[in-house]
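What's in upload_31.csv: CSV, C-alpha atoms
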chain,number,residue,atom,x,y,z
L,1,MET,CA,67.9,91.0,52.2
L,2,ASP,CA,69.7,92.6,55.2
L,3,GLY,CA,70.1,96.3,55.9
L,4,ARG,CA,73.4,96.4,53.9
L,5,SER,CA,71.7,95.7,50.6
L,6,GLU,CA,69.2,98.5,50.9
L,7,ALA,CA,71.8,101.1,50.0
L,8,PRO,CA,73.2,101.4,46.5
L,9,VAL,CA,76.6,99.7,46.1
L,10,GLN,CA,79.4,102.3,45.9
L,11,GLY,CA,82.2,99.8,45.0
L,12,ILE,CA,81.8,100.0,41.2
L,13,GLU,CA,82.4,102.9,38.8
L,14,LEU,CA,81.3,102.5,35.2
L,15,ALA,CA,83.3,104.5,32.5
L,16,PRO,CA,81.1,106.4,30.0
L,17,LEU,CA,80.0,104.3,27.1
L,18,ALA,CA,81.3,105.1,23.7
L,19,PRO,CA,78.7,105.1,21.0
L,20,PRO,CA,78.8,101.4,19.9
L,21,ALA,CA,76.3,99.5,17.9
L,22,ASN,CA,73.8,99.4,20.7
L,23,LEU,CA,74.1,101.2,24.1
L,24,THR,CA,71.5,99.1,25.8
L,25,ALA,CA,73.3,95.8,24.9
L,26,GLU,CA,76.6,97.3,26.0
L,27,LEU,CA,75.3,98.5,29.4
L,28,VAL,CA,73.7,95.0,29.9
L,29,ARG,CA,77.0,93.4,29.1
L,30,ARG,CA,78.9,95.6,31.6
L,31,LEU,CA,76.5,95.2,34.4
L,32,ALA,CA,76.2,91.5,33.9
L,33,ALA,CA,80.0,91.3,34.0
L,34,GLU,CA,80.0,93.1,37.4
L,35,ILE,CA,77.5,90.6,38.7
L,36,ARG,CA,79.2,87.5,37.4
L,37,ALA,CA,82.6,88.7,38.7
L,38,GLY,CA,81.1,89.1,42.2
L,39,ARG,CA,81.6,92.9,42.4
L,40,LEU,CA,77.9,93.1,42.7
L,41,ARG,CA,76.8,90.3,45.0
L,42,PRO,CA,73.3,88.7,45.6
L,43,GLY,CA,71.1,91.1,47.4
L,44,ASP,CA,73.1,94.2,46.5
L,45,ARG,CA,71.2,97.0,45.1
L,46,LEU,CA,72.2,98.3,41.6
L,47,PRO,CA,73.2,102.0,41.4
L,48,THR,CA,70.2,104.3,40.9
L,49,GLU,CA,69.0,105.3,37.5
L,50,GLN,CA,70.6,108.7,37.9
L,51,ALA,CA,73.9,107.2,38.9
L,52,LEU,CA,73.9,104.8,36.0
L,53,MET,CA,72.9,107.6,33.6
L,54,ARG,CA,75.8,109.8,34.9
L,55,GLN,CA,78.4,107.0,35.0
L,56,ALA,CA,77.7,105.5,31.6
L,57,GLY,CA,76.7,108.7,29.9
L,58,VAL,CA,73.4,107.3,28.6
L,59,SER,CA,69.7,108.2,28.7
L,60,ARG,CA,67.1,107.0,31.2
L,61,THR,CA,65.5,104.9,28.5
L,62,VAL,CA,68.8,103.0,27.9
L,63,VAL,CA,69.1,102.4,31.7
L,64,ARG,CA,65.5,101.1,32.0
L,65,GLU,CA,65.8,98.9,29.0
L,66,ALA,CA,69.1,97.4,30.3
L,67,VAL,CA,67.5,96.7,33.7
L,68,ALA,CA,64.6,95.0,32.0
L,69,ALA,CA,67.0,92.9,30.0
L,70,LEU,CA,68.9,91.9,33.1
L,71,ARG,CA,65.6,91.0,34.8
L,72,ALA,CA,64.7,88.8,31.8
L,73,GLU,CA,68.0,87.1,32.2
L,74,GLY,CA,67.3,86.4,35.8
L,75,LEU,CA,70.3,88.4,37.0
L,76,VAL,CA,68.3,91.1,38.9
L,77,LEU,CA,65.0,91.4,40.7
L,78,THR,CA,63.1,94.7,40.8
L,79,ARG,CA,61.1,96.0,43.8
L,80,GLN,CA,58.5,98.7,43.0
L,81,GLY,CA,59.7,102.1,44.3
L,82,VAL,CA,62.9,100.6,45.8
L,83,GLY,CA,65.2,99.6,42.9
L,84,ALA,CA,66.8,96.7,41.3
L,85,PHE,CA,68.7,94.0,43.3
L,86,VAL,CA,71.1,91.3,42.2
L,87,ALA,CA,69.3,88.0,42.2
L,88,ASP,CA,70.4,84.9,44.1
L,89,PRO,CA,72.2,82.5,41.6
L,90,SER,CA,69.9,79.7,42.7
L,91,THR,CA,66.9,81.6,41.3
L,92,ARG,CA,68.4,82.2,37.9
L,93,GLY,CA,67.6,80.3,34.8
L,94,HIS,CA,70.4,77.8,34.0
L,95,VAL,CA,69.8,77.7,30.3
L,96,ARG,CA,69.4,80.8,28.2
L,97,ILE,CA,70.5,82.4,25.0
L,98,ASP,CA,73.5,84.7,25.7
L,99,PRO,CA,73.5,88.0,23.8
L,100,GLY,CA,77.2,87.1,23.0
L,101,GLU,CA,76.0,84.2,20.9
L,102,MET,CA,74.0,86.5,18.6
L,103,ARG,CA,76.6,87.4,16.1
L,104,SER,CA,74.5,88.0,13.0
L,105,LEU,CA,71.1,88.9,11.8
L,106,ASN,CA,70.7,85.3,10.8
L,107,ASP,CA,71.0,84.3,14.5
L,108,VAL,CA,68.1,86.8,15.2
L,109,LEU,CA,66.0,85.2,12.5
L,110,GLN,CA,66.5,81.8,14.0
L,111,VAL,CA,65.3,83.0,17.4
L,112,ILE,CA,62.2,84.6,15.8
L,113,GLU,CA,61.4,81.2,14.1
L,114,LEU,CA,61.6,79.7,17.6
L,115,ARG,CA,59.3,82.3,18.9
L,116,ILE,CA,56.8,81.8,16.1
L,117,ALA,CA,56.5,78.1,17.0
L,118,LEU,CA,55.8,78.7,20.7
L,119,GLU,CA,54.2,82.1,21.0
L,120,THR,CA,51.5,81.4,18.4
L,121,GLU,CA,50.2,78.6,20.6
L,122,ALA,CA,50.7,80.7,23.7
L,123,ALA,CA,48.4,83.3,22.3
L,124,GLY,CA,45.7,80.7,21.6
L,125,LEU,CA,46.0,79.2,25.1
L,126,ALA,CA,45.8,82.6,26.6
L,127,ALA,CA,42.6,83.3,24.8
L,128,GLU,CA,41.1,79.9,26.0
L,129,ARG,CA,42.2,80.3,29.6
L,130,ARG,CA,42.2,84.0,30.1
L,131,THR,CA,41.0,85.6,33.4
L,132,VAL,CA,39.9,89.1,33.9
L,133,GLN,CA,43.1,89.8,35.7
L,134,ALA,CA,45.2,88.3,32.9
L,135,SER,CA,43.4,90.3,30.2
L,136,GLU,CA,43.8,93.5,32.2
L,137,ARG,CA,47.6,92.9,32.5
L,138,ILE,CA,47.8,92.4,28.7
L,139,ALA,CA,45.8,95.5,28.0
L,140,GLN,CA,47.9,97.5,30.4
L,141,ALA,CA,51.1,96.3,28.8
L,142,ALA,CA,49.8,97.2,25.4
L,143,ALA,CA,48.9,100.7,26.6
L,144,ALA,CA,52.3,101.2,28.2
L,145,PHE,CA,53.9,100.2,24.9
L,146,ASP,CA,51.8,102.8,23.0
L,147,LYS,CA,52.7,105.5,25.5
L,148,ALA,CA,56.4,104.7,25.1
L,149,VAL,CA,56.2,104.8,21.3
L,150,ASP,CA,54.3,108.1,21.5
L,151,ALA,CA,57.2,109.5,23.6
L,152,GLY,CA,59.7,108.5,21.0
L,153,GLU,CA,61.2,105.6,23.0
L,154,ASN,CA,62.3,102.2,21.7
L,155,ALA,CA,59.8,100.6,24.0
L,156,VAL,CA,61.8,97.4,24.5
L,157,ALA,CA,60.8,97.0,28.2
L,158,GLN,CA,57.2,97.5,27.4
L,159,ASP,CA,57.3,95.1,24.5
L,160,LEU,CA,58.8,92.5,26.7
L,161,GLU,CA,56.1,93.0,29.3
L,162,PHE,CA,53.4,92.5,26.7
L,163,HIS,CA,54.7,89.1,25.7
L,164,ARG,CA,55.4,88.2,29.3
L,165,ALA,CA,51.8,89.0,30.1
L,166,ILE,CA,50.6,86.7,27.4
L,167,PHE,CA,52.8,83.9,28.5
L,168,ALA,CA,51.5,84.3,32.0
L,169,ALA,CA,47.9,84.2,30.7
L,170,THR,CA,48.4,80.7,29.4
L,171,GLY,CA,48.1,79.3,33.0
L,172,ASN,CA,51.1,77.1,32.2
L,173,SER,CA,54.1,77.9,34.3
L,174,PHE,CA,56.5,76.6,31.7
L,175,PHE,CA,55.6,79.3,29.2
L,176,PRO,CA,57.0,82.2,31.4
L,177,ARG,CA,60.0,80.1,32.1
L,178,PHE,CA,60.7,80.1,28.4
L,179,LEU,CA,61.6,83.8,28.8
L,180,GLU,CA,64.5,82.7,30.9
L,181,PHE,CA,65.8,80.8,27.9
L,182,LEU,CA,65.4,83.7,25.5
L,183,GLY,CA,66.5,86.3,28.0
L,184,PRO,CA,66.9,89.7,26.4
L,185,MET,CA,66.8,88.1,22.9
L,186,LEU,CA,63.0,88.1,23.1
L,187,ILE,CA,63.0,91.7,21.7
L,188,PRO,CA,65.8,91.6,19.2
L,189,ARG,CA,65.8,95.3,18.3
L,190,GLN,CA,67.8,96.1,21.5
L,191,THR,CA,70.7,94.1,20.2
L,192,VAL,CA,70.5,94.7,16.4
L,193,ARG,CA,72.7,97.6,15.3
L,194,PRO,CA,70.3,100.6,14.8
L,195,TYR,CA,72.2,102.0,11.9
L,196,LEU,CA,71.0,99.1,9.7
L,197,GLU,CA,67.7,100.8,9.4
L,198,GLU,CA,66.6,104.4,8.9
L,199,PRO,CA,65.0,106.1,11.9
L,200,GLU,CA,61.8,106.8,9.9
L,201,ALA,CA,61.5,103.1,9.0
L,202,ARG,CA,62.0,102.1,12.7
L,203,THR,CA,59.3,104.6,13.8
L,204,ALA,CA,56.9,103.2,11.2
L,205,TYR,CA,57.7,99.7,12.4
L,206,LEU,CA,56.8,100.5,16.0
L,207,GLN,CA,53.5,102.1,14.9
L,208,ARG,CA,52.7,98.9,13.1
L,209,VAL,CA,53.7,96.8,16.1
L,210,ARG,CA,51.2,98.7,18.3
L,211,GLU,CA,48.4,97.9,15.9
L,212,GLU,CA,49.4,94.2,15.9
L,213,HIS,CA,49.5,94.2,19.7
L,214,ALA,CA,46.0,95.7,19.8
L,215,ARG,CA,44.7,92.9,17.5
L,216,ILE,CA,46.4,90.2,19.7
L,217,ALA,CA,45.1,91.7,22.9
L,218,SER,CA,41.6,92.1,21.6
L,219,ALA,CA,41.4,88.4,20.3
L,220,ILE,CA,42.7,87.1,23.7
L,221,ALA,CA,40.3,89.3,25.7
L,222,SER,CA,37.3,88.1,23.6
L,223,GLY,CA,38.3,84.4,23.9
L,224,GLN,CA,38.9,84.0,20.2
L,225,ALA,CA,41.7,81.4,20.3
L,226,SER,CA,42.0,81.0,16.5
L,227,ALA,CA,42.1,84.7,15.9
L,228,ALA,CA,44.7,85.2,18.7
L,229,ARG,CA,46.9,82.5,17.1
L,230,ASN,CA,46.6,84.1,13.7
L,231,ALA,CA,47.3,87.6,15.0
L,232,MET,CA,50.4,86.5,16.9
L,233,ARG,CA,51.7,84.6,14.0
L,234,ARG,CA,51.2,87.5,11.6
L,235,HIS,CA,53.0,89.8,14.2
L,236,LEU,CA,56.0,87.5,14.5
L,237,VAL,CA,56.2,86.7,10.8
L,238,ALA,CA,56.2,90.5,10.0
L,239,SER,CA,59.1,90.8,12.5
L,240,ARG,CA,61.0,88.0,10.8
L,241,ASP,CA,60.5,89.5,7.4
L,242,ARG,CA,61.7,92.9,8.6
L,243,TYR,CA,65.0,91.4,9.9
L,244,ALA,CA,65.3,89.3,6.8
L,245,ARG,CA,65.2,92.4,4.7
L,246,MET,CA,67.8,94.1,7.0
L,247,ALA,CA,70.0,91.1,6.6
L,248,GLU,CA,69.8,91.3,2.8
L,249,ARG,CA,70.6,95.0,2.8
L,250,PHE,CA,73.5,94.5,5.2
L,251,ALA,CA,74.9,91.7,3.0
L,252,VAL,CA,74.7,93.9,-0.1
L,253,ASN,CA,76.4,96.8,1.7
L,254,GLU,CA,79.2,94.6,3.1
L,255,GLY,CA,79.7,93.1,-0.3
L,256,GLY,CA,80.0,96.6,-1.9

Using structure tokens, write down the structure that the file contains.
Amino acid sequence: MDGRSEAPVQGIELAPLAPPANLTAELVRRLAAEIRAGRLRPGDRLPTEQALMRQAGVSRTVVREAVAALRAEGLVLTRQGVGAFVADPSTRGHVRIDPGEMRSLNDVLQVIELRIALETEAAGLAAERRTVQASERIAQAAAAFDKAVDAGENAVAQDLEFHRAIFAATGNSFFPRFLEFLGPMLIPRQTVRPYLEEPEARTAYLQRVREEHARIASAIASGQASAARNAMRRHLVASRDRYARMAERFAVNEGG
């Protein structure tokens, strides 16, 4: 990166977001459009958190989750203490699930089925091949998720990091690359319309997820491959069942 890219780009101005189905998904869509249109070029620094919050009229949590989703898509790179920068196209994944393809809860369910097949085995391999450093990364990700939930946040970025840490712990470089395929769809609650579920139910769900994360992390840290696989499968099956119930309720409401 040259000196020009160290300063935030001043050439874009985002209009405030209306309250659509999901603010994070809408902010991701708009920033991705700026990148793909070339108004944000490789090496350019994204506007600061404060600037994005002000321009789009959203919270810091929405901005952080949007940046995490863009990073998962391979559109941006983040530098600790510096900011987020547009990635070189040659470093981006060429195959991924585009959020625009996810038009229904049934699409979400199909992605979760794909995750069950792969992440169950990833958890087992992580337990078999874990290192102290890998186990610490998983534990730190779980703790960050817990902290975000306690703060009342949606914890999408922290959830993504937890699964990313497990993929990395497999020691197989193709598992982390799978994240490039899923992109932001790894954590579906950032794209599913929040009004499909009561806030109390969502809070209870996140509390349950933190318990499931703890069981997965513990099994991996102790090298119990079978327990890790079982814990991950139960975690993802519970997620699938949750969205299946939401799909059923939505179908009933739409039919009424």

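Minimum atom-to-atom distances from L:Ala144, L:Val132, L:Ala201, L:Val156 to Thr24 (chain L) were compared using only C-alpha atoms, and the lowest value belongs to L:Val156.
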
Next item on the list: Can you work out which one of L:Val111, L:Ala217, L:Ala117, L:Ala66 has the shortest atom-to-atom distance to Arg233 (chain L), counting all atoms listed in the file?
Entry: L:Ala117

Item checked: Within 9 Å of region 148-151 of chain L using only C-alpha atoms, minus same-chain residues under 4 positions, as JSON, numbers by chain -> {"L": [143, 144, 155, 158, 203, 206, 207, 210]}

Margin query: Would you pick out the contacts of region 235-241 of chain L at 12 Å or less, using all atoms listed in the file, so that residues sharing its chain but fewer than 3 positions from it are not included, and give the list as a PyMOL selection string?
Written below: chain L and resi 105-120+123+163+186-189+202+205-206+208-217+228-232+244-248

Item checked: Separation of CA of Asp159 (chain L) from CA of Arg30 (chain L), in Å and rounded to one decimal ->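 Straight-line distance from CA of Asp159 (chain L) to CA of Arg30 (chain L) works out to 22.7 Å.
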
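CA of Pro89 (chain L) is positioned 28.0 Å from CA of Val58 (chain L).
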
Next item on the list: Considering all atoms listed in the file, state which residue in the set L:Phe162, L:Gly43, L:Ala225, L:Leu27 is at the smallest distance from Gly57 (chain L).
Entry: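 Closest candidate: L:Leu27.
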
Notebook entry, point to check: Nearest to Ala227 (chain L): which of L:Ala126, L:Glu198, L:Arg164, L:Phe178 is it, counting all atoms listed in the file?
Noted result: L:Ala126

Notebook entry, point to check: Do you have the CA of Asp44 (chain L)-CA of Asn22 (chain L) distance handy?
Noted result: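 If I compute the distance from CA of Asp44 (chain L) to CA of Asn22 (chain L), I get 26.3 Å.
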
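Ranking L:Thr170, L:Val63, L:Leu70, L:Ser218 by their shortest atom-to-atom distance to Ala142 (chain L), with all atoms listed in the file included, puts L:Ser218 first.
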
Margin query: I'd like the neighbourhood of Glu128 (chain L) as number ranges by chain, where a residue qualifies if any of its atoms comes within 12 Å (using all atoms listed in the file), though same-chain residues fewer than 2 positions away should be ignored.
Written below: L: 121-126, 130-131, 134-135, 166, 169-171, 219-229

Notebook entry, point to check: When distances are computed from all atoms listed in the file, which of L:Glu136, L:Phe85, L:Ala157, L:Leu31 shows the smallest separation from Gln55 (chain L)?
Noted result: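 Smallest separation from Gln55 (chain L) among the options: L:Leu31.
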